[in-house]
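Listing of target-v8.txt; format and content: compact mmCIF, C-alpha atoms and all ligand atoms.
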```txt
# COMPACT_ATOMS: atom_id res chain seq x y z
CA MET A 900 28.34 -112.90 -99.08
CA SER A 901 27.53 -113.48 -95.41
CA TYR A 902 26.00 -116.66 -94.01
CA GLU A 903 22.66 -114.85 -93.48
CA GLN A 904 22.62 -113.59 -97.06
CA ALA A 905 23.44 -117.04 -98.42
CA LYS A 906 20.74 -118.60 -96.27
CA SER A 907 18.02 -116.24 -97.44
CA LEU A 908 19.13 -116.61 -101.07
CA LEU A 909 18.99 -120.39 -100.76
CA GLU A 910 15.62 -120.25 -99.02
CA LYS A 911 14.27 -118.23 -101.92
CA TYR A 912 15.35 -120.93 -104.37
CA GLY A 913 14.65 -123.94 -102.13
CA GLN A 914 18.34 -124.93 -102.00
CA THR A 915 19.18 -124.79 -98.29
CA GLN A 916 20.69 -128.30 -98.47
CA LEU A 917 23.91 -126.58 -99.61
CA LEU A 918 24.43 -125.29 -96.05
CA LYS A 919 23.79 -128.66 -94.37
CA TYR A 920 27.43 -129.14 -93.31
CA TYR A 921 28.29 -125.45 -92.84
CA ASP A 922 28.81 -125.76 -89.09
CA GLU A 923 31.38 -128.53 -89.57
CA LEU A 924 33.61 -126.39 -91.83
CA ASN A 925 36.63 -124.34 -90.85
CA ASP A 926 36.68 -120.60 -91.59
CA SER A 927 38.32 -120.74 -94.99
CA GLN A 928 36.01 -123.57 -96.11
CA LYS A 929 33.04 -121.51 -94.95
CA GLN A 930 34.22 -118.49 -96.95
CA SER A 931 34.84 -120.65 -100.00
CA LEU A 932 31.37 -122.22 -99.83
CA LEU A 933 29.65 -118.83 -99.44
CA LYS A 934 31.55 -117.52 -102.46
CA GLN A 935 30.49 -120.53 -104.54
CA ILE A 936 26.87 -120.00 -103.51
CA SER A 937 27.04 -116.34 -104.55
CA GLU A 938 28.19 -117.42 -108.02
CA ILE A 939 25.42 -119.95 -108.77
CA ASP A 940 23.15 -119.24 -111.75
CA PHE A 941 19.88 -120.32 -110.13
CA GLY A 942 17.95 -119.51 -113.31
CA LEU A 943 19.23 -122.75 -114.82
CA LEU A 944 17.26 -124.77 -112.25
CA ASP A 945 13.98 -123.46 -113.69
CA LEU A 946 14.75 -125.55 -116.76
CA VAL A 947 14.28 -128.72 -114.73
CA LYS A 948 10.69 -127.63 -114.07
CA ASP A 949 9.98 -126.06 -117.45
CA GLY A 950 11.94 -128.46 -119.65
CA GLU A 951 14.56 -127.36 -122.14
CA THR A 952 13.58 -125.53 -125.28
CA ALA A 953 15.96 -127.50 -127.48
CA SER A 954 13.24 -129.78 -128.77
CA GLU A 955 11.21 -126.85 -130.06
CA LYS A 956 12.80 -126.94 -133.48
CA GLY A 957 11.50 -124.97 -136.45
CA VAL A 958 10.76 -126.48 -139.84
CA ILE A 959 13.61 -128.77 -140.85
CA THR A 960 14.52 -129.12 -144.54
CA PRO A 961 17.58 -130.52 -146.31
CA LEU A 962 20.54 -128.30 -147.18
CA ASP A 963 20.38 -126.56 -150.56
CA ASP A 964 24.00 -127.15 -151.40
CA ALA A 965 27.31 -128.41 -150.13
CA VAL A 966 30.86 -128.72 -151.37
CA SER A 967 31.40 -132.40 -151.99
CA ILE A 968 34.73 -134.19 -152.03
CA GLN A 969 34.60 -134.11 -155.85
CA ASP A 970 33.93 -130.33 -155.90
CA ILE A 971 36.83 -129.76 -153.53
CA GLU A 972 39.14 -131.88 -155.67
CA LYS A 973 38.23 -129.76 -158.73
CA ASN A 974 38.82 -126.44 -156.96
CA LYS A 975 41.57 -127.50 -154.60
CA GLU A 976 44.28 -125.20 -155.95
CA LYS A 977 42.05 -122.14 -155.99
CA TYR A 978 40.66 -122.70 -152.47
CA THR A 979 44.06 -123.55 -151.03
CA ALA A 980 45.64 -120.41 -152.50
CA ILE A 981 42.90 -118.23 -150.99
CA GLY A 982 43.22 -119.96 -147.60
CA VAL A 983 47.02 -119.79 -147.54
CA ASP A 984 46.83 -116.09 -148.31
CA ALA A 985 44.35 -115.48 -145.45
CA ILE A 986 46.54 -117.46 -143.02
CA LYS A 987 49.66 -115.58 -144.08
CA GLN A 988 47.83 -112.34 -143.40
CA GLY A 989 47.06 -113.56 -139.87
CA LYS A 990 43.32 -113.65 -140.49
CA VAL A 991 42.77 -117.22 -139.29
CA ALA A 992 42.99 -118.59 -135.74
CA ALA A 993 42.30 -122.04 -134.34
CA LEU A 994 40.47 -122.69 -131.08
CA LEU A 995 40.67 -125.99 -129.25
CA LEU A 996 37.73 -126.94 -127.05
CA ALA A 997 39.37 -128.81 -124.20
CA GLY A 998 37.15 -127.96 -121.25
CA GLY A 999 35.15 -131.20 -121.30
CA MET A 1000 35.35 -133.80 -118.56
CA GLY A 1001 35.94 -136.74 -120.88
CA THR A 1002 33.99 -138.97 -118.51
CA ARG A 1003 33.41 -141.70 -121.09
CA LEU A 1004 37.16 -142.17 -121.55
CA GLY A 1005 37.42 -142.53 -117.78
CA SER A 1006 40.79 -140.85 -117.24
CA ASP A 1007 41.02 -138.32 -114.41
CA LYS A 1008 43.51 -136.21 -116.39
CA PRO A 1009 42.54 -133.90 -119.27
CA LYS A 1010 41.61 -135.95 -122.34
CA GLY A 1011 44.40 -134.34 -124.37
CA MET A 1012 46.99 -135.84 -122.00
CA TYR A 1013 45.88 -139.37 -122.90
CA ASN A 1014 48.75 -141.36 -124.37
CA ILE A 1015 47.75 -143.31 -127.47
CA GLY A 1016 51.30 -144.38 -128.30
CA GLU A 1017 52.34 -148.03 -128.52
CA THR A 1018 56.09 -148.01 -129.06
CA LYS A 1019 56.57 -144.43 -127.87
CA ASP A 1020 54.58 -141.64 -126.22
CA VAL A 1021 52.00 -140.04 -128.49
CA TYR A 1022 49.56 -137.79 -126.66
CA ILE A 1023 46.24 -136.58 -128.04
CA PHE A 1024 47.37 -132.94 -127.64
CA GLU A 1025 50.56 -133.83 -129.47
CA MET A 1026 48.66 -135.26 -132.45
CA LEU A 1027 46.54 -132.11 -132.69
CA ILE A 1028 49.58 -129.83 -132.56
CA ARG A 1029 51.30 -131.94 -135.20
CA ASN A 1030 48.29 -131.51 -137.48
CA LEU A 1031 48.35 -127.74 -136.96
CA LEU A 1032 52.10 -127.62 -137.52
CA ASP A 1033 51.47 -129.05 -140.99
CA VAL A 1034 49.61 -125.82 -141.78
CA VAL A 1035 52.38 -123.71 -140.28
CA ASN A 1036 54.88 -125.52 -142.47
CA GLN A 1037 52.68 -125.23 -145.53
CA THR A 1038 52.03 -121.48 -145.13
CA GLY A 1039 55.16 -120.30 -143.32
CA ALA A 1040 52.93 -118.52 -140.77
CA TRP A 1041 52.07 -119.36 -137.17
CA VAL A 1042 48.35 -119.77 -136.63
CA PRO A 1043 47.21 -118.25 -133.30
CA LEU A 1044 45.93 -121.11 -131.15
CA TYR A 1045 43.48 -120.57 -128.31
CA ILE A 1046 42.87 -123.41 -125.89
CA MET A 1047 39.75 -123.50 -123.73
CA THR A 1048 40.05 -125.42 -120.48
CA SER A 1049 37.83 -125.54 -117.39
CA GLU A 1050 38.73 -124.85 -113.79
CA LYS A 1051 38.83 -128.65 -113.33
CA ASN A 1052 41.60 -129.25 -115.87
CA ASN A 1053 43.28 -125.91 -116.52
CA ASP A 1054 46.39 -126.33 -114.37
CA ASP A 1055 47.08 -129.85 -115.62
CA THR A 1056 46.65 -128.73 -119.23
CA VAL A 1057 48.81 -125.61 -119.02
CA ASN A 1058 51.55 -127.44 -117.12
CA PHE A 1059 51.52 -130.30 -119.60
CA PHE A 1060 52.01 -127.98 -122.55
CA LYS A 1061 54.87 -126.23 -120.76
CA GLU A 1062 56.49 -129.51 -119.77
CA LYS A 1063 56.32 -130.76 -123.37
CA ASN A 1064 57.54 -127.45 -124.84
CA TYR A 1065 54.22 -126.98 -126.57
CA PHE A 1066 55.12 -129.97 -128.78
CA GLY A 1067 57.14 -127.61 -130.98
CA TYR A 1068 54.50 -124.91 -131.34
CA ASP A 1069 55.55 -121.30 -130.70
CA PRO A 1070 54.21 -120.41 -127.20
CA ASP A 1071 53.82 -116.79 -128.27
CA TYR A 1072 50.96 -117.98 -130.45
CA VAL A 1073 49.20 -120.00 -127.77
CA ASP A 1074 46.70 -118.61 -125.22
CA PHE A 1075 44.71 -120.58 -122.66
CA PHE A 1076 41.40 -119.48 -121.19
CA VAL A 1077 39.02 -121.04 -118.71
CA GLN A 1078 35.35 -121.65 -119.40
CA GLU A 1079 32.59 -121.10 -116.88
CA MET A 1080 30.89 -123.66 -114.68
CA ALA A 1081 27.25 -124.59 -114.15
CA PRO A 1082 25.70 -126.34 -111.12
CA ALA A 1083 24.71 -130.01 -111.20
CA ALA A 1084 21.38 -130.98 -109.65
CA THR A 1085 19.14 -133.91 -108.72
CA PHE A 1086 16.25 -134.83 -111.02
CA ASP A 1087 14.12 -132.61 -108.72
CA GLY A 1088 16.37 -129.63 -109.31
CA LYS A 1089 18.22 -129.66 -105.97
CA ILE A 1090 21.85 -128.69 -106.42
CA TYR A 1091 24.30 -131.35 -105.23
CA LEU A 1092 27.19 -130.85 -102.86
CA GLU A 1093 30.28 -132.51 -104.30
CA GLU A 1094 32.03 -132.15 -100.96
CA LYS A 1095 30.84 -130.64 -97.71
CA ASP A 1096 32.40 -127.33 -98.72
CA ARG A 1097 32.00 -127.65 -102.51
CA VAL A 1098 28.96 -127.07 -104.64
CA SER A 1099 28.80 -129.63 -107.43
CA THR A 1100 29.56 -127.86 -110.69
CA SER A 1101 30.73 -128.89 -114.13
CA PRO A 1102 31.89 -127.04 -117.26
CA ASN A 1103 28.94 -125.25 -118.86
CA GLY A 1104 29.22 -126.95 -122.24
CA ASN A 1105 31.29 -126.14 -125.31
CA GLY A 1106 28.82 -123.45 -126.44
CA GLY A 1107 30.16 -121.25 -123.64
CA TRP A 1108 33.43 -120.80 -125.51
CA PHE A 1109 32.76 -117.43 -127.14
CA ILE A 1110 31.57 -115.64 -124.00
CA SER A 1111 34.52 -116.98 -122.03
CA PHE A 1112 36.85 -116.04 -124.90
CA VAL A 1113 35.53 -112.47 -124.82
CA LYS A 1114 35.66 -112.25 -121.00
CA ALA A 1115 39.28 -113.40 -121.03
CA GLY A 1116 40.14 -110.43 -123.29
CA LEU A 1117 41.22 -112.76 -126.07
CA CYS A 1118 38.64 -111.64 -128.60
CA GLU A 1119 40.03 -108.10 -128.43
CA LYS A 1120 43.56 -109.46 -128.62
CA ALA A 1121 42.68 -111.57 -131.66
CA LYS A 1122 41.02 -108.67 -133.44
CA ALA A 1123 43.98 -106.40 -132.70
CA LYS A 1124 46.16 -108.98 -134.44
CA GLY A 1125 43.85 -108.97 -137.46
CA VAL A 1126 42.12 -112.32 -136.86
CA GLU A 1127 38.79 -112.52 -138.71
CA TYR A 1128 38.07 -116.26 -138.85
CA ILE A 1129 38.12 -118.75 -135.99
CA ASN A 1130 38.24 -122.48 -136.55
CA ILE A 1131 36.70 -124.28 -133.58
CA PHE A 1132 37.64 -127.92 -133.05
CA ALA A 1133 37.28 -130.70 -130.49
CA VAL A 1134 40.06 -132.28 -128.48
CA ASP A 1135 39.06 -135.84 -129.25
CA ASN A 1136 39.48 -136.13 -133.02
CA VAL A 1137 43.13 -137.02 -133.48
CA CYS A 1138 42.85 -136.87 -137.29
CA GLN A 1139 41.42 -133.36 -137.13
CA ARG A 1140 42.76 -130.93 -139.74
CA MET A 1141 42.37 -127.43 -138.36
CA ALA A 1142 42.99 -124.04 -140.02
CA ASP A 1143 42.95 -126.14 -143.16
CA PRO A 1144 43.78 -123.70 -145.99
CA CYS A 1145 41.47 -125.41 -148.50
CA PHE A 1146 38.53 -125.29 -146.04
CA VAL A 1147 39.18 -121.63 -145.20
CA GLY A 1148 39.55 -120.79 -148.90
CA ALA A 1149 36.28 -122.53 -149.83
CA MET A 1150 34.39 -120.50 -147.21
CA ILE A 1151 35.95 -117.21 -148.32
CA ASP A 1152 35.52 -117.98 -152.03
CA GLY A 1153 31.83 -118.78 -151.57
CA GLY A 1154 31.23 -115.68 -149.42
CA TYR A 1155 29.88 -117.87 -146.58
CA ARG A 1156 29.39 -116.58 -143.03
CA SER A 1157 30.26 -119.92 -141.40
CA ALA A 1158 31.39 -123.37 -142.46
CA SER A 1159 31.36 -126.88 -141.09
CA LYS A 1160 33.44 -129.88 -142.00
CA VAL A 1161 31.10 -132.79 -142.60
CA VAL A 1162 31.33 -136.47 -143.50
CA SER A 1163 28.80 -138.49 -145.50
CA LYS A 1164 26.80 -140.60 -143.10
CA ALA A 1165 27.92 -144.20 -143.13
CA GLU A 1166 24.27 -145.34 -143.01
CA PRO A 1167 20.92 -143.59 -142.47
CA GLU A 1168 20.83 -144.73 -138.83
CA GLU A 1169 24.27 -143.40 -137.92
CA LYS A 1170 24.13 -141.48 -134.66
CA VAL A 1171 25.60 -138.15 -135.73
CA GLY A 1172 24.15 -134.66 -135.85
CA VAL A 1173 23.42 -133.59 -139.43
CA LEU A 1174 23.66 -130.20 -141.06
CA CYS A 1175 20.32 -129.02 -142.45
CA LEU A 1176 18.13 -125.95 -142.71
CA GLU A 1177 15.76 -124.92 -139.94
CA ASP A 1178 13.27 -122.26 -140.97
CA GLY A 1179 15.60 -121.56 -143.88
CA LYS A 1180 18.68 -120.97 -141.71
CA PRO A 1181 21.54 -123.39 -141.18
CA SER A 1182 21.10 -125.73 -138.26
CA ILE A 1183 22.24 -129.04 -136.86
CA VAL A 1184 19.73 -131.69 -135.83
CA GLU A 1185 20.68 -134.58 -133.65
CA TYR A 1186 20.03 -138.04 -135.06
CA TYR A 1187 17.15 -138.58 -132.63
CA GLU A 1188 15.47 -135.37 -133.79
CA LEU A 1189 15.13 -136.67 -137.36
CA THR A 1190 11.88 -138.48 -138.03
CA GLU A 1191 11.99 -141.97 -139.52
CA ASP A 1192 10.93 -140.52 -142.91
CA MET A 1193 13.63 -137.87 -142.85
CA ARG A 1194 16.29 -140.39 -141.96
CA TYR A 1195 15.62 -142.37 -145.16
CA GLU A 1196 14.52 -139.48 -147.42
CA THR A 1197 16.51 -139.33 -150.64
CA ARG A 1198 17.12 -136.74 -153.33
CA ASP A 1199 16.52 -137.29 -157.06
CA ASN A 1200 20.08 -138.57 -157.40
CA GLY A 1201 19.41 -141.24 -154.79
CA GLU A 1202 21.59 -139.68 -152.09
CA LEU A 1203 20.29 -139.22 -148.56
CA ALA A 1204 18.61 -135.82 -148.16
CA TYR A 1205 20.10 -135.53 -144.66
CA LYS A 1206 23.46 -136.85 -145.59
CA TYR A 1207 26.09 -134.70 -143.95
CA GLY A 1208 27.18 -135.54 -140.39
CA VAL A 1209 29.09 -132.89 -138.43
CA ILE A 1210 32.49 -133.61 -136.87
CA LEU A 1211 32.87 -130.61 -134.54
CA ASN A 1212 35.07 -128.53 -136.83
CA TYR A 1213 33.50 -125.15 -137.58
CA LEU A 1214 34.65 -121.86 -139.05
CA PHE A 1215 33.05 -118.67 -137.74
CA THR A 1216 33.76 -114.99 -138.33
CA ILE A 1217 34.47 -112.90 -135.24
CA GLU A 1218 32.21 -110.23 -136.73
CA ASP A 1219 29.13 -112.46 -136.73
CA LEU A 1220 29.93 -114.02 -133.36
CA GLU A 1221 30.05 -110.56 -131.81
CA LYS A 1222 26.74 -109.63 -133.45
CA ASN A 1223 25.13 -112.65 -131.79
CA LEU A 1224 26.75 -112.29 -128.39
CA GLU A 1225 23.50 -111.16 -126.78
CA ASN A 1226 21.46 -113.99 -128.31
CA ASN A 1227 21.21 -116.72 -125.71
CA LEU A 1228 22.01 -120.26 -126.70
CA VAL A 1229 19.59 -123.03 -125.78
CA VAL A 1230 20.59 -124.71 -122.53
CA HIS A 1231 20.50 -128.51 -122.82
CA ILE A 1232 19.72 -130.56 -119.74
CA VAL A 1233 21.86 -133.69 -119.77
CA LYS A 1234 21.48 -136.73 -117.50
CA LYS A 1235 24.83 -137.66 -115.92
CA LYS A 1236 26.41 -139.58 -113.06
CA ILE A 1237 27.17 -136.91 -110.47
CA PRO A 1238 29.36 -137.68 -107.44
CA TYR A 1239 27.88 -136.17 -104.27
CA VAL A 1240 27.82 -136.10 -100.48
CA ASP A 1241 24.75 -137.90 -99.11
CA GLU A 1242 22.59 -136.90 -96.14
CA ASN A 1243 24.92 -138.78 -93.79
CA GLY A 1244 27.96 -136.92 -95.04
CA ASN A 1245 29.35 -139.84 -97.08
CA ALA A 1246 30.92 -139.33 -100.50
CA VAL A 1247 29.00 -141.29 -103.16
CA LYS A 1248 30.13 -142.18 -106.68
CA PRO A 1249 26.91 -143.23 -108.40
CA GLU A 1250 26.83 -146.21 -110.76
CA SER A 1251 23.98 -144.78 -112.80
CA GLU A 1252 22.71 -141.37 -113.81
CA ASN A 1253 21.45 -139.48 -110.78
CA GLY A 1254 20.92 -135.94 -111.97
CA TYR A 1255 21.26 -133.17 -114.50
CA LYS A 1256 24.05 -131.01 -115.82
CA PHE A 1257 23.38 -127.91 -117.89
CA GLU A 1258 25.22 -127.28 -121.13
CA THR A 1259 25.15 -125.01 -124.15
CA LEU A 1260 26.54 -126.45 -127.38
CA VAL A 1261 28.71 -124.92 -130.06
CA LEU A 1262 26.57 -126.61 -132.72
CA ASP A 1263 23.65 -124.35 -131.76
CA MET A 1264 25.76 -121.35 -132.81
CA ILE A 1265 25.46 -122.45 -136.43
CA HIS A 1266 21.76 -121.55 -136.38
CA MET A 1267 22.68 -117.95 -135.51
CA MET A 1268 24.62 -117.57 -138.74
CA ASP A 1269 23.08 -116.45 -142.05
CA ASN A 1270 24.48 -119.43 -143.89
CA CYS A 1271 26.91 -122.29 -143.44
CA LEU A 1272 29.04 -124.07 -145.99
CA ALA A 1273 28.95 -127.85 -145.69
CA TYR A 1274 32.47 -128.93 -146.64
CA GLU A 1275 32.80 -132.66 -147.10
CA VAL A 1276 35.94 -134.45 -145.99
CA VAL A 1277 37.05 -138.05 -146.28
CA ARG A 1278 36.00 -139.74 -143.08
CA GLU A 1279 38.91 -142.18 -143.05
CA LYS A 1280 41.38 -139.30 -143.26
CA GLU A 1281 39.85 -136.71 -140.93
CA PHE A 1282 37.52 -138.32 -138.42
CA ALA A 1283 38.86 -140.41 -135.58
CA PRO A 1284 37.07 -139.27 -132.42
CA ILE A 1285 38.14 -140.72 -129.09
CA LYS A 1286 35.11 -140.82 -126.81
CA ASN A 1287 35.49 -144.27 -125.22
CA LYS A 1288 38.32 -146.60 -124.26
CA THR A 1289 37.16 -149.42 -126.49
CA GLY A 1290 34.38 -150.10 -129.00
CA VAL A 1291 32.81 -147.36 -131.12
CA ASP A 1292 34.66 -144.02 -131.34
CA SER A 1293 37.39 -145.26 -129.08
CA VAL A 1294 41.12 -145.28 -128.52
CA ASP A 1295 41.20 -148.55 -130.51
CA THR A 1296 39.34 -147.22 -133.56
CA ALA A 1297 41.34 -143.96 -133.57
CA LYS A 1298 44.66 -145.81 -133.37
CA ALA A 1299 43.66 -148.05 -136.28
CA LEU A 1300 42.80 -145.03 -138.42
CA LEU A 1301 45.98 -143.18 -137.51
CA LYS A 1302 48.02 -146.20 -138.54
CA GLN A 1303 46.06 -146.46 -141.77
CA ASN A 1304 47.11 -142.84 -142.40
CA GLY A 1305 50.76 -143.66 -141.85
CA VAL A 1306 51.15 -142.29 -138.32
CA GLU A 1307 53.63 -144.28 -136.21
CA LEU A 1308 52.36 -145.01 -132.74
P1 LIG A 1401 31.98 -134.11 -125.51
O1 LIG A 1401 30.59 -133.83 -125.88
O2 LIG A 1401 32.60 -135.33 -126.06
O3 LIG A 1401 32.10 -134.07 -123.92
O4 LIG A 1401 32.85 -132.84 -125.93
P2 LIG A 1401 33.28 -134.44 -122.94
O5 LIG A 1401 32.98 -133.74 -121.66
O6 LIG A 1401 34.64 -134.16 -123.53
O7 LIG A 1401 33.21 -136.01 -122.76
P3 LIG A 1401 32.16 -136.93 -121.95
O8 LIG A 1401 30.82 -136.70 -122.56
O9 LIG A 1401 32.24 -136.50 -120.51
O10 LIG A 1401 32.70 -138.32 -122.17
C1 LIG A 1401 33.11 -132.45 -127.25
C2 LIG A 1401 34.19 -131.39 -127.20
O11 LIG A 1401 33.75 -130.24 -126.47
C3 LIG A 1401 34.64 -129.97 -125.40
C4 LIG A 1401 35.34 -131.27 -125.12
O12 LIG A 1401 36.57 -131.04 -124.47
C5 LIG A 1401 35.48 -131.84 -126.52
O13 LIG A 1401 36.56 -131.24 -127.22
N1 LIG A 1401 33.88 -129.46 -124.25
C6 LIG A 1401 32.80 -130.14 -123.80
C7 LIG A 1401 34.29 -128.30 -123.64
O14 LIG A 1401 35.29 -127.68 -124.06
N2 LIG A 1401 33.56 -127.84 -122.59
C8 LIG A 1401 32.47 -128.48 -122.11
O15 LIG A 1401 31.85 -127.99 -121.15
C9 LIG A 1401 32.08 -129.66 -122.74
```
Could you express the structure from this file as structure tokens?
Amino acid sequence: MSYEQAKSLLEKYGQTQLLKYYDELNDSQKQSLLKQISEIDFGLLDLVKDGETASEKGVITPLDDAVSIQDIEKNKEKYTAIGVDAIKQGKVAALLLAGGMGTRLGSDKPKGMYNIGETKDVYIFEMLIRNLLDVVNQTGAWVPLYIMTSEKNNDDTVNFFKEKNYFGYDPDYVDFFVQEMAPAATFDGKIYLEEKDRVSTSPNGNGGWFISFVKAGLCEKAKAKGVEYINIFAVDNVCQRMADPCFVGAMIDGGYRSASKVVSKAEPEEKVGVLCLEDGKPSIVEYYELTEDMRYETRDNGELAYKYGVILNYLFTIEDLEKNLENNLVVHIVKKKIPYVDENGNAVKPESENGYKFETLVLDMIHMMDNCLAYEVVREKEFAPIKNKTGVDSVDTAKALLKQNGVEL
């Protein structure tokens, strides 16, 4: 794209501020900036004017059924046998979402490189691989592992895995792919410059995983290997059990088209998304989308009607994901602190939120599926998210839970 083309494109969208420092740049910086401008999805900026559509939910009702911890205990052998068989046949893959910025943790390295060890090194990535290796040992089969990064953390992540010999995982079963980026803008919808020659962008949310997975050629590769089910999981839950044979078996046995690990809410006010039905189809509502009445609504047995919180561990079929590839996910507009170059050319690191990022979320994919099994797990065994350094959902709380589960740190 030439300077003239970029200028007229930016004029059309009212974004000429991106060329403010153009004359100060050297030739390669100029080329780089023009290329970035040519790649911007300007359509996203309309959302700032129009507002996101996420709040336009359909009719929310409680789930009809779920597999409770007691049900799982009763059927454990049957489900596990079915899951082990599917894994042995190579039908199950795991996919780690590791493209996030982890801003709340405040480390400038990928979150998975965070060391939670006390007497020795124990990295978040290492804990996740250990958990997956349990399945490899149980089934005698390697589970293909796909790792999504972003252009901000890909090199660090790939190099770290190489340096640590994949923590004992077989590298032939590991593929990395990079998710796409979205621009970051002021509250008025003006895209920020992160540096004089860099448009401010950030990863486009974890809902972008399937499109990026397809674009990287990995969906075809997975299908060629016979993969039918993909277990998506987050980087931050160090107690995460992925490609869990019992979970996989329960979904297959029930003939479900998707499944989600869930935990019983600790209290009605707990700030987690809950699995429910929306217009009769599975869906996840955020805690703030539940009305006061819904939050406290109970069933005949006294249990909360909206009881099951999601923990970012989902099973999808490749078949259904491909069917829905053309269906756009809702884009969420999220307020964030966005570093930028001000009108005097100074780099600014804001103390408070100063603009919007645009993200799609994997949880919105659940609503595209015909049904979703809610599979309840014991919170104290499987849910230790690391979002913050201290306090709620932090390094401290995760360490305490790992120790409680017999992990040496
Ligand atoms: P979070 O919602 O916790 O976001 O991601 P984050 O970016 O990691 O952390 P904060 O909000 O900046 O502190 C949940 C999961 O989704 C992944 C994250 O890596 C994590 O596993 N994710 C998030 C992506 O893979 N890509 C994204 O664009 C966003």
* Asked: So which one's closest to Ala1204 in chain A, A:Lys1280, A:Arg1003, A:Lys1019, A:Lys1164? Using all atoms listed in the file, please.
  ->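 Nearest to Ala1204 in chain A: A:Lys1164.
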Restrict the calculation to only C-alpha atoms and all ligand atoms, then for each residue of chain A with any atom at most 6 Å from an atom of ligand LIG 1401 (chain A) give the closest atom pair and their distance in Å to one decimal, rows by chain and rising residue number, as CSV.
```
residue,atom,partner,partner_atom,distance
A:Leu996,CA,A:LIG1401,O14,3.9
A:Ala997,CA,A:LIG1401,O12,3.6
A:Gly998,CA,A:LIG1401,O14,3.4
A:Gly999,CA,A:LIG1401,O5,3.4
A:Met1000,CA,A:LIG1401,O5,3.9
A:Gly1001,CA,A:LIG1401,O7,3.4
A:Thr1002,CA,A:LIG1401,O9,3.6
A:Arg1003,CA,A:LIG1401,O10,3.6
A:Leu1004,CA,A:LIG1401,O10,5.9
A:Pro1102,CA,A:LIG1401,O15,4.0
A:Asn1103,CA,A:LIG1401,O15,4.6
A:Gly1104,CA,A:LIG1401,O15,3.0
A:Asn1105,CA,A:LIG1401,N2,3.9
A:Ala1133,CA,A:LIG1401,O13,3.4
A:Val1134,CA,A:LIG1401,O13,3.9
A:Asp1135,CA,A:LIG1401,O13,5.6
A:Lys1286,CA,A:LIG1401,O10,5.8
```
Excluding range 1147-1150 of chain A and residues on its chain fewer than 2 positions from it, collect all residues at most 6 Å away from it, counting only C-alpha atoms, and give them as an mmCIF file with C-alpha atoms, in the frame of the given file.
```
data_model
loop_
_atom_site.group_PDB
_atom_site.id
_atom_site.type_symbol
_atom_site.label_atom_id
_atom_site.label_comp_id
_atom_site.auth_asym_id
_atom_site.auth_seq_id
_atom_site.Cartn_x
_atom_site.Cartn_y
_atom_site.Cartn_z
ATOM 1 C CA TYR A 978 40.660 -122.700 -152.470
ATOM 2 C CA THR A 979 44.060 -123.550 -151.030
ATOM 3 C CA ILE A 981 42.900 -118.230 -150.990
ATOM 4 C CA GLY A 982 43.220 -119.960 -147.600
ATOM 5 C CA PRO A 1144 43.780 -123.700 -145.990
ATOM 6 C CA CYS A 1145 41.470 -125.410 -148.500
ATOM 7 C CA ASP A 1152 35.520 -117.980 -152.030
ATOM 8 C CA GLY A 1153 31.830 -118.780 -151.570
ATOM 9 C CA TYR A 1155 29.880 -117.870 -146.580
#
```
* If I put a ball of radius 9 Å at (22.8, -117.6, -125.7) in the file's coordinates, which residues poke into it when counting only C-alpha atoms, written as number ranges by chain? -> A: 1106-1107, 1223-1230, 1259, 1264
* To do: For each of A:Ile1265, A:Leu1027, A:Ala1121, A:Leu1203, take the minimum atom-to-atom distance to Pro1284 in chain A, counting all atoms listed in the file, then give the residue where this is smallest.
  =>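 Smallest separation from Pro1284 in chain A among the options: A:Leu1027.
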* A:Val1034, A:Val1277, A:Val1042, A:Met1026 ranked by distance to Leu994 in chain A, top pick (using all atoms listed in the file) ->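 Going through A:Val1034, A:Val1277, A:Val1042, A:Met1026 one by one, the smallest distance to Leu994 in chain A is for A:Val1042.
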* Interatomic distance (Å, one decimal) between CA of Thr1100 in chain A and CA of Pro1082 in chain A -> 4.2 Å
* Which residue out of A:Ile959, A:Ile1015, A:Ala993, A:Ala1297 has the minimum interatomic distance to Asp1178 in chain A when only C-alpha atoms are used? -> A:Ile959
* Given all atoms listed in the file as the counted atoms, nearest of A:Glu1258, A:Glu1094, A:Glu1218, A:Glu1025 to Val1233 in chain A ->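 Ranking A:Glu1258, A:Glu1094, A:Glu1218, A:Glu1025 by distance to Val1233 in chain A, first place goes to A:Glu1258.
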* To do: Could you tell me which of A:Asp963, A:Glu1279, A:Asp926, A:Asp1055 comes closest to Lys1008 in chain A if we count only C-alpha atoms?
  =>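 Selected residue with least distance to Lys1008 in chain A: A:Asp1055.
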* Around the point (55.4, -123.8, -129.8) in the file's coordinates, collect all residues with an atom within 12 Å, using all atoms listed in the file, and return them as a ChimeraX atom specification. => /A:1025,1028-1029,1031-1032,1035,1041-1044,1060-1074
* In Å, rounded to a single decimal, give me how far CA of Ala1158 in chain A is from CA of Thr1056 in chain A. =>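 CA of Ala1158 in chain A lies 28.3 Å from CA of Thr1056 in chain A.
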* If you measure from CA of Asn925 in chain A to CA of Glu1079 in chain A, what distance in Å do you get, rounded to one decimal? ->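 CA of Asn925 in chain A sits 26.5 Å away from CA of Glu1079 in chain A.
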* Please provide as a PyMOL selection string all residues within 7 Å of Ile1023 in chain A, with the sequence filter that same-chain residues fewer than 4 positions apart are discarded (counting all atoms listed in the file). => chain A and resi 1011-1015+1027+1137
* 12 Å contact set for Ala965 in chain A, all atoms listed in the file, chain neighbours under 4 positions out, as a list of chain:residue names ->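 Non-adjacent residues within range: A:Pro961, A:Gln969, A:Asp970, A:Ile971, A:Ala1149, A:Met1150, A:Gly1153, A:Tyr1155, A:Ala1158, A:Ser1159, A:Lys1160, A:Val1161, A:Val1162, A:Ser1163, A:Leu1174, A:Cys1175, A:Pro1181, A:Ala1204, A:Tyr1205, A:Lys1206, A:Tyr1207, A:Asn1270, A:Cys1271, A:Leu1272, A:Ala1273, A:Tyr1274, A:Glu1275, A:Val1276.
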